[in-house]
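Participant: Take a look at this one; I'll ask things after.
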Amino acid sequence: MTRDGNSGSMAALAVRTVAAWTVTLIFVFPLLWLFLTAFKTELQAIAVPPELFFKPTLENFAEVQERSDYLLYARNSIITSVGSTLLGLLIAAPAAYSMAFFRTRRTRDLLMWMLSTKMMPAVGALVPIYVIAQTSGFLDSLTGLTIVFTMSNLPIMVWMLYSYFKDIPPEILEASRMDGASVWSEFRHVILPLGMGGFASTGLLCLVLSWNEAFWSLNLSSAKAGTLATLIASYSSPEGLFWAKLSAASLLAIGPIVVFGWFSQKQLVQGLTFGAVK
């Protein structure tokens, strides 16, 4: 390769590096600013120009716990997100299994219809779901939120598991059936081990989606069954926004899921690509 070619490659590499760092900083900057603001006083948080050097304080975190009982909201988020993920997997796995291995002419249409429901704005279904929750006693209830979260993520879970199951060689299933395996034995001893990566990716992605769900939490719950999204919204008042306390509450809300996502990023990337990465 000529000297000009080496110079061109180095220049292209430098441009890509700068572009990558620029995009990364754009995405990371709001989180970094949120982190800094959480350790400021209210006066420091609204100071103009912004104060980059200050004496950190933990008063905001103590006040969030004292005023709002952070642990209660965190417990509700854990229960609803984990519960909806497990319930969704129990429903989505048999549905995806039947669509992947017992296809009909309508299977593709059914899958597209299920996915199309995610394109509808959630507010379009708010009134009927609110009325159903109110009449059934599930309003401001962890059970009600868990069911709604499950139904909201179910189309994605079915699609993802379907894409994983479809890549399992059918010859393996035929061999197990020739050996006399029942449907349950086939699922437990063949599908489950081979599709464990798909289950993990689907579960992790839907766990994150449920944890971050704000619309249904704000409209179907309050103090009793409120999740961390409800906690954050409570720091918006007619008098204005308490930026330091709001940042502290937001940091406490996103902290657990950010740490969780960091350690499971490989499975999350697989889930976001719908099983395309093997």
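As shown in the structure tokens, the chain order sets the letters A, B, ...; within each chain, residues go from 1, and ligands are also counted from 1 in the order they appear.
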List the spatial neighbours of segment 173-188 of chain A as an MDAnalysis selection string - criterion: any atom at most 10 Å away, only C-alpha atoms, same-chain residues fewer than 5 positions off excluded.

Facilitator: chainID A and resid 93:94 97 101 168 193:195

Participant: Once DSSP has gone over the backbone, tell me which residues of segment 164-272 of chain A are in helix (DSSP H, G or I), as an NGL selection string.

Facilitator: :A and (164-166 or 170-178 or 183-194 or 196-212 or 215-220 or 228-233 or 243-263 or 265-272)

Participant: Of the candidates A:Thr41, A:Thr24, A:Ser9, A:Ser68, which shows the shortest atom-to-atom distance to Lys55 of chain A, using only C-alpha atoms?

Facilitator: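 Closest to Lys55 of chain A, using only C-alpha atoms: A:Thr41.
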
Participant: Give me, as a PyMOL selection string, all polymer residues having an atom no more than 12 Å from Ala92 of chain A, counting only C-alpha atoms and skipping those fewer than 3 positions away in the same chain.

Facilitator: chain A and resi 84-89+95-100+111+114+150-151+153-162+165+198-199+202-203+206

Participant: Report as an MDAnalysis selection string: the residues of segment 88-254 of chain A with a DSSP assignment of strand (DSSP E or B), based on the backbone of this structure.

Facilitator: chainID A and resid 236:237 240:241

Participant: Selected residues, N, CA, C and O atoms, written as a short mmCIF file (atom, residue, chain, number, x, y, z; two decimals), in the first residue's frame, please.

Facilitator:
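Here's the written file out-v7.cif:
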```
data_model
loop_
_atom_site.label_atom_id
_atom_site.label_comp_id
_atom_site.auth_asym_id
_atom_site.auth_seq_id
_atom_site.Cartn_x
_atom_site.Cartn_y
_atom_site.Cartn_z
N SER A 236 -42.77 16.76 40.30
CA SER A 236 -43.24 17.87 39.48
C SER A 236 -44.48 18.44 40.15
O SER A 236 -45.46 17.75 40.37
N SER A 237 -44.44 19.72 40.51
CA SER A 237 -45.53 20.35 41.25
C SER A 237 -45.91 21.66 40.59
O SER A 237 -45.16 22.20 39.76
N GLY A 240 -43.35 24.34 40.50
CA GLY A 240 -42.18 24.19 39.63
C GLY A 240 -41.50 22.85 39.85
O GLY A 240 -42.01 21.97 40.55
N LEU A 241 -40.34 22.70 39.23
CA LEU A 241 -39.58 21.47 39.35
C LEU A 241 -38.44 21.66 40.34
O LEU A 241 -37.71 22.65 40.28
#
```

Participant: Tell me, as a short mmCIF file (atom, residue, chain, number, x, y, z; two decimals) with C-alpha atoms, in the first residue's frame, which residues lie within 8 Å of segment 250-259 of chain A, counting only C-alpha atoms; anything in the same chain fewer than 5 positions away does not count.

Facilitator:
```cif
data_model
loop_
_atom_site.label_atom_id
_atom_site.label_comp_id
_atom_site.auth_asym_id
_atom_site.auth_seq_id
_atom_site.Cartn_x
_atom_site.Cartn_y
_atom_site.Cartn_z
CA LEU A 34 -28.24 14.11 35.83
CA PHE A 35 -25.59 12.50 38.02
CA ALA A 38 -28.32 14.90 41.97
CA ALA A 74 -38.47 0.17 44.05
CA VAL A 208 -36.10 -3.46 30.95
CA TRP A 211 -39.08 -1.32 34.43
CA LEU A 228 -40.40 4.36 40.26
CA ALA A 229 -41.90 6.23 37.30
CA ILE A 232 -40.21 10.65 39.60
#
```

Participant: For Ala248 of chain A, list every protein, DNA or RNA residue within 12 Å, evaluated using only C-alpha atoms, and leave out those in the same chain fewer than 6 positions away; present the list as a list in words.

Facilitator: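 That gives Leu31, Trp33, Leu34, Phe35, Leu36, Thr37, Ala38, Phe39, Lys40, Thr41, Glu42, Ala45, Thr57, Leu58, Glu59, Asn60, Phe61, Ala62, Glu63, Val64, Gln65, Tyr70, Leu231, Ile232, Tyr235, Phe242, Ile254 and Gly255 of chain A.
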